[in-house]
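Chemist: Here you go, model.pdb (PDB, C-alpha atoms, pLDDT in the B column):
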MODEL        1
ATOM      1  CA  MET A   2      82.997 -53.173  -4.991  1.00 18.00           C
ATOM      2  CA  GLN A   3      85.973 -51.718  -6.819  1.00 25.00           C
ATOM      3  CA  PRO A   4      89.265 -51.763  -4.891  1.00 33.00           C
ATOM      4  CA  ILE A   5      90.191 -48.461  -3.316  1.00 33.00           C
ATOM      5  CA  ILE A   6      92.138 -46.001  -5.438  1.00 38.00           C
ATOM      6  CA  VAL A   7      94.648 -43.729  -3.716  1.00 39.00           C
ATOM      7  CA  LEU A   8      93.904 -40.161  -4.722  1.00 40.00           C
ATOM      8  CA  PHE A   9      96.770 -37.857  -5.567  1.00 36.00           C
ATOM      9  CA  THR A  10      94.984 -34.655  -6.551  1.00 45.00           C
ATOM     10  CA  LEU A  11      91.507 -33.321  -5.938  1.00 46.00           C
ATOM     11  CA  PRO A  12      90.265 -33.855  -9.502  1.00 40.00           C
ATOM     12  CA  LEU A  13      91.607 -37.402  -9.738  1.00 40.00           C
ATOM     13  CA  VAL A  14      88.681 -38.668  -7.757  1.00 39.00           C
ATOM     14  CA  LEU A  15      87.286 -42.060  -6.976  1.00 41.00           C
ATOM     15  CA  SER A  16      84.227 -42.786  -9.109  1.00 40.00           C
ATOM     16  CA  ILE A  17      82.314 -44.596  -6.421  1.00 40.00           C
ATOM     17  CA  ALA A  18      78.554 -44.566  -6.106  1.00 40.00           C
ATOM     18  CA  ALA A  19      77.233 -41.514  -7.936  1.00 40.00           C
ATOM     19  CA  GLY A  20      80.326 -41.083 -10.067  1.00 44.00           C
ATOM     20  CA  LEU A  21      79.322 -43.561 -12.743  1.00 47.00           C
ATOM     21  CA  HIS A  22      75.592 -42.849 -12.478  1.00 54.00           C
ATOM     22  CA  ALA A  23      75.411 -39.084 -12.876  1.00 49.00           C
ATOM     23  CA  GLU A  24      72.225 -39.191 -14.979  1.00 69.00           C
ATOM     24  CA  GLU A  25      70.050 -41.179 -12.567  1.00 79.00           C
ATOM     25  CA  SER A  26      67.172 -39.604 -10.671  1.00 88.00           C
ATOM     26  CA  ALA A  27      67.655 -38.314  -7.138  1.00 88.00           C
ATOM     27  CA  PRO A  28      65.468 -41.053  -5.541  1.00 92.00           C
ATOM     28  CA  ALA A  29      67.286 -43.771  -7.507  1.00 94.00           C
ATOM     29  CA  ARG A  30      70.652 -42.330  -6.514  1.00 93.00           C
ATOM     30  CA  THR A  31      69.682 -42.237  -2.845  1.00 95.00           C
ATOM     31  CA  ALA A  32      68.387 -45.806  -2.964  1.00 96.00           C
ATOM     32  CA  ARG A  33      71.588 -47.007  -4.605  1.00 96.00           C
ATOM     33  CA  LEU A  34      73.801 -45.209  -2.118  1.00 97.00           C
ATOM     34  CA  GLU A  35      71.824 -46.566   0.820  1.00 97.00           C
ATOM     35  CA  SER A  36      72.151 -50.069  -0.615  1.00 97.00           C
ATOM     36  CA  THR A  37      75.895 -49.525  -0.992  1.00 98.00           C
ATOM     37  CA  LEU A  38      76.069 -48.335   2.613  1.00 98.00           C
ATOM     38  CA  VAL A  39      74.343 -51.496   3.841  1.00 98.00           C
ATOM     39  CA  GLU A  40      76.824 -53.651   1.919  1.00 98.00           C
ATOM     40  CA  LEU A  41      79.781 -51.682   3.279  1.00 98.00           C
ATOM     41  CA  ASN A  42      78.463 -52.064   6.818  1.00 98.00           C
ATOM     42  CA  LYS A  43      78.473 -55.830   6.299  1.00 98.00           C
ATOM     43  CA  GLN A  44      81.995 -55.802   4.877  1.00 98.00           C
ATOM     44  CA  ILE A  45      83.335 -53.708   7.738  1.00 98.00           C
ATOM     45  CA  ALA A  46      81.655 -55.957  10.313  1.00 98.00           C
ATOM     46  CA  ALA A  47      83.388 -58.932   8.683  1.00 98.00           C
ATOM     47  CA  ASP A  48      86.786 -57.209   8.339  1.00 98.00           C
ATOM     48  CA  PRO A  49      87.009 -54.151  10.646  1.00 97.00           C
ATOM     49  CA  LYS A  50      90.724 -53.582  10.040  1.00 97.00           C
ATOM     50  CA  ARG A  51      90.444 -52.802   6.307  1.00 97.00           C
ATOM     51  CA  ALA A  52      91.192 -49.091   5.966  1.00 97.00           C
ATOM     52  CA  ASP A  53      89.920 -48.887   2.387  1.00 97.00           C
ATOM     53  CA  LEU A  54      86.420 -49.894   3.478  1.00 98.00           C
ATOM     54  CA  TYR A  55      86.230 -46.905   5.803  1.00 98.00           C
ATOM     55  CA  ASP A  56      87.324 -44.616   2.994  1.00 98.00           C
ATOM     56  CA  ARG A  57      84.582 -46.007   0.770  1.00 98.00           C
ATOM     57  CA  ARG A  58      81.934 -45.820   3.477  1.00 98.00           C
ATOM     58  CA  GLY A  59      82.985 -42.319   4.449  1.00 98.00           C
ATOM     59  CA  SER A  60      82.623 -41.258   0.825  1.00 98.00           C
ATOM     60  CA  VAL A  61      79.153 -42.781   0.592  1.00 98.00           C
ATOM     61  CA  GLN A  62      78.175 -41.182   3.902  1.00 98.00           C
ATOM     62  CA  PHE A  63      79.165 -37.804   2.492  1.00 98.00           C
ATOM     63  CA  GLN A  64      77.267 -38.451  -0.741  1.00 98.00           C
ATOM     64  CA  LEU A  65      74.182 -39.157   1.373  1.00 97.00           C
ATOM     65  CA  GLY A  66      74.698 -35.893   3.250  1.00 97.00           C
ATOM     66  CA  HIS A  67      75.824 -37.637   6.455  1.00 98.00           C
ATOM     67  CA  ILE A  68      78.708 -35.300   7.147  1.00 98.00           C
ATOM     68  CA  GLU A  69      79.615 -36.237  10.720  1.00 98.00           C
ATOM     69  CA  GLU A  70      79.463 -39.928   9.853  1.00 98.00           C
ATOM     70  CA  SER A  71      81.814 -39.385   6.916  1.00 98.00           C
ATOM     71  CA  ILE A  72      84.347 -37.725   9.208  1.00 98.00           C
ATOM     72  CA  ALA A  73      84.151 -40.630  11.662  1.00 98.00           C
ATOM     73  CA  ASP A  74      84.881 -43.103   8.875  1.00 98.00           C
ATOM     74  CA  PHE A  75      87.723 -41.036   7.430  1.00 98.00           C
ATOM     75  CA  ASP A  76      89.210 -40.714  10.919  1.00 98.00           C
ATOM     76  CA  ARG A  77      89.046 -44.475  11.363  1.00 98.00           C
ATOM     77  CA  GLN A  78      90.716 -44.975   7.982  1.00 98.00           C
ATOM     78  CA  ILE A  79      93.581 -42.726   9.067  1.00 98.00           C
ATOM     79  CA  GLU A  80      93.879 -44.531  12.406  1.00 98.00           C
ATOM     80  CA  LEU A  81      94.449 -47.718  10.436  1.00 98.00           C
ATOM     81  CA  ARG A  82      96.629 -46.039   7.790  1.00 97.00           C
ATOM     82  CA  PRO A  83      98.374 -43.001   9.321  1.00 97.00           C
ATOM     83  CA  ASP A  84     100.435 -42.602   6.149  1.00 97.00           C
ATOM     84  CA  GLN A  85      97.253 -41.488   4.332  1.00 96.00           C
ATOM     85  CA  ARG A  86      96.528 -38.538   6.642  1.00 97.00           C
ATOM     86  CA  ALA A  87      98.147 -35.762   4.578  1.00 96.00           C
ATOM     87  CA  GLN A  88      96.569 -36.755   1.275  1.00 96.00           C
ATOM     88  CA  HIS A  89      93.012 -37.098   2.604  1.00 97.00           C
ATOM     89  CA  TRP A  90      91.390 -34.030   1.012  1.00 97.00           C
ATOM     90  CA  LYS A  91      87.918 -35.590   1.234  1.00 98.00           C
ATOM     91  CA  ARG A  92      88.226 -35.424   5.011  1.00 98.00           C
ATOM     92  CA  GLY A  93      89.008 -31.716   4.722  1.00 98.00           C
ATOM     93  CA  ILE A  94      85.888 -31.104   2.630  1.00 98.00           C
ATOM     94  CA  SER A  95      83.759 -32.959   5.185  1.00 98.00           C
ATOM     95  CA  TYR A  96      85.255 -30.779   7.906  1.00 98.00           C
ATOM     96  CA  TYR A  97      84.199 -27.695   5.954  1.00 98.00           C
ATOM     97  CA  TYR A  98      80.586 -28.819   5.714  1.00 98.00           C
ATOM     98  CA  ALA A  99      80.600 -29.832   9.382  1.00 98.00           C
ATOM     99  CA  GLY A 100      81.621 -26.298  10.309  1.00 98.00           C
ATOM    100  CA  GLN A 101      84.948 -27.535  11.682  1.00 98.00           C
ATOM    101  CA  TYR A 102      86.959 -24.911   9.872  1.00 98.00           C
ATOM    102  CA  LYS A 103      90.156 -25.106  11.915  1.00 98.00           C
ATOM    103  CA  GLU A 104      90.363 -28.855  11.357  1.00 98.00           C
ATOM    104  CA  GLY A 105      89.620 -28.353   7.666  1.00 98.00           C
ATOM    105  CA  ARG A 106      92.319 -25.709   7.304  1.00 98.00           C
ATOM    106  CA  GLU A 107      94.852 -27.986   8.975  1.00 98.00           C
ATOM    107  CA  GLN A 108      93.889 -30.885   6.717  1.00 98.00           C
ATOM    108  CA  PHE A 109      94.472 -28.819   3.575  1.00 98.00           C
ATOM    109  CA  GLU A 110      97.724 -27.470   4.950  1.00 97.00           C
ATOM    110  CA  GLY A 111      98.803 -31.062   5.394  1.00 97.00           C
ATOM    111  CA  TYR A 112      97.779 -31.886   1.852  1.00 97.00           C
ATOM    112  CA  GLN A 113     100.053 -29.102   0.616  1.00 96.00           C
ATOM    113  CA  THR A 114     102.998 -31.137   1.869  1.00 95.00           C
ATOM    114  CA  PHE A 115     101.768 -34.010  -0.279  1.00 95.00           C
ATOM    115  CA  ASP A 116     100.998 -32.033  -3.452  1.00 94.00           C
ATOM    116  CA  ALA A 117     101.865 -28.346  -3.810  1.00 95.00           C
ATOM    117  CA  SER A 118     100.465 -27.983  -7.338  1.00 95.00           C
ATOM    118  CA  ASP A 119      96.721 -28.347  -6.677  1.00 97.00           C
ATOM    119  CA  VAL A 120      94.698 -25.137  -6.918  1.00 98.00           C
ATOM    120  CA  GLU A 121      91.669 -26.789  -5.342  1.00 98.00           C
ATOM    121  CA  ASN A 122      93.623 -27.500  -2.170  1.00 98.00           C
ATOM    122  CA  ALA A 123      94.505 -23.819  -1.847  1.00 98.00           C
ATOM    123  CA  VAL A 124      90.873 -22.872  -2.457  1.00 98.00           C
ATOM    124  CA  TRP A 125      89.462 -25.184   0.214  1.00 98.00           C
ATOM    125  CA  ARG A 126      91.998 -23.956   2.742  1.00 98.00           C
ATOM    126  CA  TYR A 127      90.958 -20.414   1.784  1.00 98.00           C
ATOM    127  CA  LEU A 128      87.284 -21.300   2.297  1.00 98.00           C
ATOM    128  CA  CYS A 129      87.990 -22.737   5.736  1.00 98.00           C
ATOM    129  CA  MET A 130      90.043 -19.685   6.694  1.00 98.00           C
ATOM    130  CA  ALA A 131      87.365 -17.292   5.423  1.00 97.00           C
ATOM    131  CA  ARG A 132      84.872 -18.943   7.784  1.00 97.00           C
ATOM    132  CA  GLU A 133      87.365 -19.368  10.612  1.00 95.00           C
ATOM    133  CA  SER A 134      88.432 -15.694  10.480  1.00 93.00           C
ATOM    134  CA  ASP A 135      87.605 -13.644   7.355  1.00 94.00           C
ATOM    135  CA  ALA A 136      88.164 -13.492   3.615  1.00 95.00           C
ATOM    136  CA  ARG A 137      90.789 -10.763   3.886  1.00 95.00           C
ATOM    137  CA  LYS A 138      93.057 -12.936   6.029  1.00 96.00           C
ATOM    138  CA  ALA A 139      92.407 -15.941   3.801  1.00 97.00           C
ATOM    139  CA  ARG A 140      93.373 -13.949   0.711  1.00 97.00           C
ATOM    140  CA  ALA A 141      96.525 -12.572   2.315  1.00 97.00           C
ATOM    141  CA  GLU A 142      97.656 -16.054   3.346  1.00 97.00           C
ATOM    142  CA  ILE A 143      96.487 -18.087   0.349  1.00 98.00           C
ATOM    143  CA  LEU A 144      98.756 -21.036  -0.372  1.00 97.00           C
ATOM    144  CA  ARG A 145     101.186 -20.548  -3.232  1.00 96.00           C
ATOM    145  CA  ILE A 146     100.398 -22.951  -6.050  1.00 95.00           C
ATOM    146  CA  ARG A 147     102.471 -23.609  -9.137  1.00 89.00           C
ATOM    147  CA  GLY A 148     101.976 -26.015 -12.014  1.00 90.00           C
ATOM    148  CA  ASP A 149      98.238 -26.745 -12.062  1.00 95.00           C
ATOM    149  CA  ARG A 150      97.611 -26.703 -15.825  1.00 94.00           C
ATOM    150  CA  ARG A 151      93.938 -27.614 -15.746  1.00 96.00           C
ATOM    151  CA  ILE A 152      91.587 -25.069 -17.270  1.00 97.00           C
ATOM    152  CA  PRO A 153      90.347 -22.828 -15.664  1.00 98.00           C
ATOM    153  CA  MET A 154      92.261 -23.505 -12.434  1.00 98.00           C
ATOM    154  CA  SER A 155      94.703 -20.635 -12.924  1.00 97.00           C
ATOM    155  CA  GLU A 156      91.843 -18.145 -13.154  1.00 98.00           C
ATOM    156  CA  ILE A 157      90.050 -19.765 -10.211  1.00 98.00           C
ATOM    157  CA  TYR A 158      93.186 -19.309  -8.130  1.00 98.00           C
ATOM    158  CA  ASP A 159      93.508 -15.692  -9.239  1.00 98.00           C
ATOM    159  CA  MET A 160      89.847 -15.069  -8.371  1.00 98.00           C
ATOM    160  CA  PHE A 161      90.380 -16.168  -4.780  1.00 98.00           C
ATOM    161  CA  ALA A 162      93.671 -14.265  -4.687  1.00 97.00           C
ATOM    162  CA  GLY A 163      91.805 -11.080  -5.688  1.00 97.00           C
ATOM    163  CA  LYS A 164      93.403 -10.836  -9.142  1.00 97.00           C
ATOM    164  CA  ALA A 165      90.541 -12.077 -11.355  1.00 98.00           C
ATOM    165  CA  THR A 166      86.751 -11.970 -11.512  1.00 98.00           C
ATOM    166  CA  PRO A 167      84.124 -14.695 -11.897  1.00 98.00           C
ATOM    167  CA  ASP A 168      83.667 -13.514 -15.486  1.00 98.00           C
ATOM    168  CA  ASP A 169      87.365 -14.155 -16.104  1.00 98.00           C
ATOM    169  CA  VAL A 170      86.920 -17.710 -14.849  1.00 98.00           C
ATOM    170  CA  LEU A 171      83.923 -18.387 -17.109  1.00 98.00           C
ATOM    171  CA  ARG A 172      85.668 -16.835 -20.091  1.00 98.00           C
ATOM    172  CA  ALA A 173      88.718 -19.041 -19.558  1.00 98.00           C
ATOM    173  CA  ALA A 174      86.527 -22.127 -19.223  1.00 98.00           C
ATOM    174  CA  ARG A 175      84.979 -21.491 -22.650  1.00 97.00           C
ATOM    175  CA  ASP A 176      88.177 -20.407 -24.368  1.00 97.00           C
ATOM    176  CA  GLY A 177      89.521 -22.437 -27.289  1.00 96.00           C
ATOM    177  CA  ASP A 178      86.243 -24.027 -28.379  1.00 91.00           C
ATOM    178  CA  PRO A 179      86.726 -27.281 -26.403  1.00 96.00           C
ATOM    179  CA  PRO A 180      84.644 -30.371 -27.260  1.00 97.00           C
ATOM    180  CA  PRO A 181      81.345 -30.696 -25.337  1.00 97.00           C
ATOM    181  CA  ALA A 182      82.536 -33.139 -22.666  1.00 97.00           C
ATOM    182  CA  GLN A 183      85.620 -31.083 -21.911  1.00 97.00           C
ATOM    183  CA  LEU A 184      83.625 -27.868 -21.852  1.00 98.00           C
ATOM    184  CA  ASN A 185      81.168 -29.456 -19.425  1.00 98.00           C
ATOM    185  CA  ASP A 186      83.989 -30.406 -17.056  1.00 98.00           C
ATOM    186  CA  ARG A 187      85.509 -26.938 -17.265  1.00 98.00           C
ATOM    187  CA  LEU A 188      82.177 -25.242 -16.621  1.00 98.00           C
ATOM    188  CA  PHE A 189      81.440 -27.528 -13.696  1.00 98.00           C
ATOM    189  CA  TYR A 190      84.593 -26.485 -11.887  1.00 98.00           C
ATOM    190  CA  ALA A 191      84.128 -22.852 -12.892  1.00 98.00           C
ATOM    191  CA  GLU A 192      80.565 -22.718 -11.581  1.00 98.00           C
ATOM    192  CA  LEU A 193      81.343 -24.669  -8.410  1.00 98.00           C
ATOM    193  CA  TYR A 194      84.224 -22.449  -7.397  1.00 98.00           C
ATOM    194  CA  ILE A 195      82.502 -19.235  -8.394  1.00 98.00           C
ATOM    195  CA  GLY A 196      79.646 -20.295  -6.141  1.00 98.00           C
ATOM    196  CA  LEU A 197      82.016 -21.054  -3.294  1.00 98.00           C
ATOM    197  CA  TYR A 198      83.797 -17.754  -3.901  1.00 98.00           C
ATOM    198  CA  TYR A 199      80.554 -15.824  -3.575  1.00 98.00           C
ATOM    199  CA  GLU A 200      79.729 -17.770  -0.439  1.00 97.00           C
ATOM    200  CA  SER A 201      83.050 -16.736   1.098  1.00 97.00           C
ATOM    201  CA  GLU A 202      82.202 -13.141   0.185  1.00 96.00           C
ATOM    202  CA  GLY A 203      78.822 -13.350   1.910  1.00 95.00           C
ATOM    203  CA  ASP A 204      76.763 -13.160  -1.299  1.00 97.00           C
ATOM    204  CA  ALA A 205      74.322 -15.988  -0.612  1.00 95.00           C
ATOM    205  CA  ARG A 206      72.117 -15.354  -3.654  1.00 96.00           C
ATOM    206  CA  ARG A 207      74.901 -15.544  -6.228  1.00 97.00           C
ATOM    207  CA  ALA A 208      76.535 -18.421  -4.380  1.00 97.00           C
ATOM    208  CA  ALA A 209      73.346 -20.469  -4.589  1.00 97.00           C
ATOM    209  CA  GLU A 210      72.853 -19.659  -8.274  1.00 98.00           C
ATOM    210  CA  HIS A 211      76.281 -20.913  -9.300  1.00 98.00           C
ATOM    211  CA  ILE A 212      76.322 -23.949  -7.010  1.00 98.00           C
ATOM    212  CA  ARG A 213      73.007 -25.069  -8.509  1.00 98.00           C
ATOM    213  CA  VAL A 214      74.250 -24.560 -12.062  1.00 98.00           C
ATOM    214  CA  ALA A 215      77.265 -26.756 -11.259  1.00 98.00           C
ATOM    215  CA  ALA A 216      75.141 -29.475  -9.655  1.00 97.00           C
ATOM    216  CA  ASP A 217      72.202 -29.442 -12.084  1.00 96.00           C
ATOM    217  CA  GLN A 218      73.612 -28.452 -15.456  1.00 97.00           C
ATOM    218  CA  HIS A 219      77.194 -29.771 -15.464  1.00 97.00           C
ATOM    219  CA  LYS A 220      77.165 -33.258 -14.014  1.00 96.00           C
ATOM    220  CA  ILE A 221      80.507 -35.050 -14.046  1.00 95.00           C
ATOM    221  CA  GLY A 222      81.573 -38.499 -12.917  1.00 93.00           C
ATOM    222  CA  HIS A 223      83.714 -37.284 -10.047  1.00 94.00           C
ATOM    223  CA  TYR A 224      83.367 -36.993  -6.266  1.00 97.00           C
ATOM    224  CA  MET A 225      83.507 -33.226  -6.659  1.00 97.00           C
ATOM    225  CA  TRP A 226      80.111 -33.334  -8.362  1.00 97.00           C
ATOM    226  CA  ASP A 227      78.768 -34.913  -5.176  1.00 97.00           C
ATOM    227  CA  VAL A 228      80.243 -31.981  -3.289  1.00 98.00           C
ATOM    228  CA  ALA A 229      78.229 -29.598  -5.468  1.00 98.00           C
ATOM    229  CA  ARG A 230      75.108 -31.714  -5.153  1.00 97.00           C
ATOM    230  CA  VAL A 231      75.375 -32.041  -1.366  1.00 97.00           C
ATOM    231  CA  HIS A 232      75.907 -28.295  -1.148  1.00 98.00           C
ATOM    232  CA  ALA A 233      72.848 -27.634  -3.333  1.00 97.00           C
ATOM    233  CA  ASP A 234      70.765 -30.058  -1.248  1.00 95.00           C
ATOM    234  CA  ARG A 235      71.775 -28.274   1.940  1.00 95.00           C
ATOM    235  CA  LEU A 236      70.810 -24.937   0.412  1.00 94.00           C
ATOM    236  CA  GLN A 237      67.417 -26.334  -0.544  1.00 91.00           C
ATOM    237  CA  ALA A 238      66.846 -27.731   2.944  1.00 91.00           C
ATOM    238  CA  SER A 239      67.826 -24.417   4.516  1.00 88.00           C
ATOM    239  CA  GLU A 240      65.494 -22.478   2.233  1.00 87.00           C
ATOM    240  CA  LYS A 241      62.645 -24.877   2.960  1.00 87.00           C
ATOM    241  CA  ALA A 242      63.172 -24.526   6.710  1.00 86.00           C
ATOM    242  CA  ALA A 243      63.233 -20.728   6.405  1.00 83.00           C
ATOM    243  CA  ALA A 244      60.000 -20.750   4.402  1.00 82.00           C
ATOM    244  CA  GLU A 245      58.266 -22.973   6.941  1.00 79.00           C
ATOM    245  CA  LYS A 246      59.101 -20.778   9.939  1.00 71.00           C
ATOM    246  CA  PRO A 247      56.468 -18.076   9.241  1.00 67.00           C
ATOM    247  CA  ALA A 248      53.805 -20.747   8.770  1.00 60.00           C
ATOM    248  CA  GLU A 249      54.808 -22.463  12.007  1.00 59.00           C
ATOM    249  CA  LYS A 250      54.756 -19.152  13.849  1.00 58.00           C
ATOM    250  CA  ALA A 251      51.331 -18.290  12.482  1.00 56.00           C
ATOM    251  CA  SER A 252      50.041 -21.714  13.449  1.00 60.00           C
ATOM    252  CA  ALA A 253      51.386 -21.353  16.994  1.00 57.00           C
ATOM    253  CA  GLN A 254      49.783 -17.920  17.311  1.00 58.00           C
ATOM    254  CA  GLN A 255      46.489 -19.325  16.073  1.00 64.00           C
ATOM    255  CA  ARG A 256      46.588 -22.130  18.661  1.00 63.00           C
ATOM    256  CA  ALA A 257      47.375 -19.616  21.401  1.00 62.00           C
ATOM    257  CA  LYS A 258      44.176 -17.670  20.758  1.00 61.00           C
TER     258      LYS A 258
ENDMDL
END
I'd like the structure from this file rewritten - as structure tokens, please.
Modeler:
Amino acid sequence: MQPIIVLFTLPLVLSIAAGLHAEESAPARTARLESTLVELNKQIAADPKRADLYDRRGSVQFQLGHIEESIADFDRQIELRPDQRAQHWKRGISYYYAGQYKEGREQFEGYQTFDASDVENAVWRYLCMARESDARKARAEILRIRGDRRIPMSEIYDMFAGKATPDDVLRAARDGDPPPAQLNDRLFYAELYIGLYYESEGDARRAAEHIRVAADQHKIGHYMWDVARVHADRLQASEKAAAEKPAEKASAQQRAK
């Protein structure tokens, strides 16, 4: 296990588990993460006061799609290290996927006191607010961000602020003929946040399209790629459940005859 790395901005993410293995198959990735989880369980049992172990296990829990379990581990980490509460953006993302939007909003508001130059923090607070109330209120109260020079973060911010379009974001991502690896990173973030933007606007079809492009076509070695992948997996599970309902209903009607 690598020692824990304190994260200072959303993109400077810990490359645990899937981060360094972005090209592996889904079954291999799951097997590796489950093996990592077993090892972390052993380490925590042996040393239950190590806050960094809970951060690592919470991250792996999220990567496996165990959202509530990730929150429990992040909470325990913060109990042991209260000074890390404000900076814990991963906890805020887990809150979002758990449907705990108020808690997520408050987490990202806390992060703003730690780093006021991160567009992604403003976006995730916006996403929580859009679910907690509505997109109009989220747009009116979007956090003010200055100094995030990453491309295309400025356009992503403007998109959520109502001053740019998804096409503007994609155009900015491709601008300047960047080398392939850099272009891939730019397009990942563009596609992820366009997908999340459409989700906040209630356009489920376009949201799913862009989230899947981010997860499937623009893999990066960062925790944020796991966010896209977990999101895409949840969409797939939801679609599968919806497709199975008519068959289950027909089967129940057939048995009732």
Chemist: Can you work out which one of A:Ile221, A:Leu171, A:Ala73, A:Ala243 has the shortest atom-to-atom distance to Glu156 (chain A), counting all atoms listed in the file?
Modeler: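 Comparing A:Ile221, A:Leu171, A:Ala73, A:Ala243 against Glu156 (chain A), the winner is A:Leu171.
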Chemist: Calculate how many Å separate CA of Ala244 (chain A) from CA of Ala209 (chain A), rounding to one decimal.
Modeler: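 That distance, rounded to one decimal, is 16.1 Å.
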Chemist: On this structure, which residues satisfy the PyMOL selection byres ((chain A and resi 102) around 12), written as a PyMOL selection string?
Modeler: chain A and resi 92-101+103-109+125-135
Chemist: Between CA of His211 (chain A) and CA of Tyr190 (chain A), what is the distance in Å, rounded to a tenth?
Modeler: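 Separation between CA of His211 (chain A) and CA of Tyr190 (chain A): 10.3 Å.
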Chemist: Using the chain letters and numbers from this file, what does the PyMOL selection byres ((chain A and resi 27) around 12) select? Give the answer as a list of chain:residue names.
Modeler: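 Evaluating the PyMOL selection byres ((chain A and resi 27) around 12) on these coordinates yields A:Ala19, A:His22, A:Ala23, A:Glu24, A:Glu25, A:Ser26, A:Pro28, A:Ala29, A:Arg30, A:Thr31, A:Ala32, A:Arg33, A:Leu34, A:Gln64, A:Leu65, A:Ala216, A:Asp217, A:Asp227, A:Arg230, A:Val231, A:Asp234.
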Chemist: Within 8 Å of Ser118 (chain A), counting only C-alpha atoms, which residues show up once you throw out same-chain ones fewer than 4 positions away? Write them as a list in words, please.
Modeler: Ile146, Arg147, Gly148 and Asp149 of chain A
Chemist: Store the residues of this selection in a file with C-alpha atoms, as a compact mmCIF listing (two decimals), keeping the file's coordinate frame.
Modeler:
# COMPACT_ATOMS: atom_id res chain seq x y z
CA ILE A 146 100.40 -22.95 -6.05
CA ARG A 147 102.47 -23.61 -9.14
CA GLY A 148 101.98 -26.02 -12.01
CA ASP A 149 98.24 -26.74 -12.06
Chemist: At a cut-off of 10 Å, using all atoms listed in the file, what residues contact Ser60 (chain A)? Leave out same-chain residues fewer than 6 positions from it and give the result as a PyMOL selection string.
Modeler: chain A and resi 15+17-18+38+54+66-68+70-72+74-75+91-92+95+224+227
Chemist: Work out how far apart CA of Val61 (chain A) and CA of Thr37 (chain A) are and give it in Å to one decimal.
Modeler: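 Computing the Euclidean distance for CA of Val61 (chain A) and CA of Thr37 (chain A) yields 7.7 Å.
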Chemist: Going by the chain IDs and residue numbers used in this file, which residues fall under the PyMOL selection byres ((chain A and resi 45) around 12)? Write them as number ranges by chain.
Modeler: A: 38-44, 46-59, 74, 77-78
Chemist: Quick one: everything within 10 Å of Leu236 (chain A), counting all atoms listed in the file, minus sequence neighbours fewer than 2 positions away in the same chain. Send it as a PyMOL selection string.
Modeler: chain A and resi 205+208-209+212-213+230-234+238-242
Chemist: From the options A:Val214, A:Ile79, A:Ala174, A:Ala136, which residue's atoms come nearest to Glu202 (chain A), counting only C-alpha atoms?
Modeler: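 Once distances to Glu202 (chain A) are computed over only C-alpha atoms, the minimum belongs to A:Ala136.
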Chemist: With 6 Å as the threshold, what does the neighbourhood of (86.8, -21.4, -4.3) contain in terms of residues, counting all atoms listed in the file? Coordinates are those of the file; answer as a PyMOL selection string.
Modeler: chain A and resi 124+194+197-198
Chemist: Using only C-alpha atoms, determine which residues lie at most 12 Å from Asp119 (chain A), disregarding the query and same-chain residues fewer than 4 positions distant; provide the list as an NGL selection string.
Modeler: :A and (9-13 or 88 or 90 or 109-110 or 112-115 or 123-126 or 144-151 or 154-155 or 157-158)
Chemist: Given the point (96.0, -13.5, -5.0) in the coordinates of this file, which residues lie within 9 Å, counting all atoms listed in the file, and how would they look as a PyMOL selection string?
Modeler: chain A and resi 140-143+145+158-165
Chemist: Which residue, A:Glu245, A:Asp204, A:Asp168, A:Asp116, has the smallest gap to Leu188 (chain A) when you use all atoms listed in the file?
Modeler: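 Looking at the shortest contact to Leu188 (chain A), the residue is A:Asp168.
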Chemist: So, counting all atoms listed in the file, which residue among A:Glu35, A:Lys220, A:Glu192, A:Glu121 is closest to Asp169 (chain A)?
Modeler: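 Closest to Asp169 (chain A), using all atoms listed in the file: A:Glu192.
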Chemist: Might I get the box with edges along x, y and z of the file that holds all atoms of region 36-52 of chain A listed there, padded by 8 Å on every side, given as centre and edge lengths in Å to one decimal, as AutoDock Vina command-line options?
Modeler:
--center_x 81.7 --center_y -53.6 --center_z 4.8 --size_x 35.0 --size_y 26.6 --size_z 27.6
Chemist: Could you please fill out region 98-105 of chain A with N, CA and C atoms and send it back as a PDB file, in the coordinates of the input?
Modeler:
ATOM      1  N   TYR A  98      82.046 -28.768   5.641  1.00 98.00           N
ATOM      2  CA  TYR A  98      80.586 -28.819   5.714  1.00 98.00           C
ATOM      3  C   TYR A  98      80.090 -29.128   7.124  1.00 98.00           C
ATOM      4  N   ALA A  99      80.964 -29.634   7.978  1.00 98.00           N
ATOM      5  CA  ALA A  99      80.600 -29.832   9.382  1.00 98.00           C
ATOM      6  C   ALA A  99      80.794 -28.567  10.206  1.00 98.00           C
ATOM      7  N   GLY A 100      81.347 -27.526   9.577  1.00 98.00           N
ATOM      8  CA  GLY A 100      81.621 -26.298  10.309  1.00 98.00           C
ATOM      9  C   GLY A 100      82.870 -26.386  11.175  1.00 98.00           C
ATOM     10  N   GLN A 101      83.697 -27.389  10.936  1.00 98.00           N
ATOM     11  CA  GLN A 101      84.948 -27.535  11.682  1.00 98.00           C
ATOM     12  C   GLN A 101      86.081 -26.925  10.849  1.00 98.00           C
ATOM     13  N   TYR A 102      86.095 -25.609  10.818  1.00 98.00           N
ATOM     14  CA  TYR A 102      86.959 -24.911   9.872  1.00 98.00           C
ATOM     15  C   TYR A 102      88.439 -24.991  10.237  1.00 98.00           C
ATOM     16  N   LYS A 103      88.754 -24.977  11.499  1.00 98.00           N
ATOM     17  CA  LYS A 103      90.156 -25.106  11.915  1.00 98.00           C
ATOM     18  C   LYS A 103      90.702 -26.462  11.478  1.00 98.00           C
ATOM     19  N   GLU A 104      89.932 -27.515  11.735  1.00 98.00           N
ATOM     20  CA  GLU A 104      90.363 -28.855  11.357  1.00 98.00           C
ATOM     21  C   GLU A 104      90.479 -28.975   9.832  1.00 98.00           C
ATOM     22  N   GLY A 105      89.546 -28.339   9.117  1.00 98.00           N
ATOM     23  CA  GLY A 105      89.620 -28.353   7.666  1.00 98.00           C
ATOM     24  C   GLY A 105      90.854 -27.640   7.156  1.00 98.00           C
TER      25      GLY A 105
END
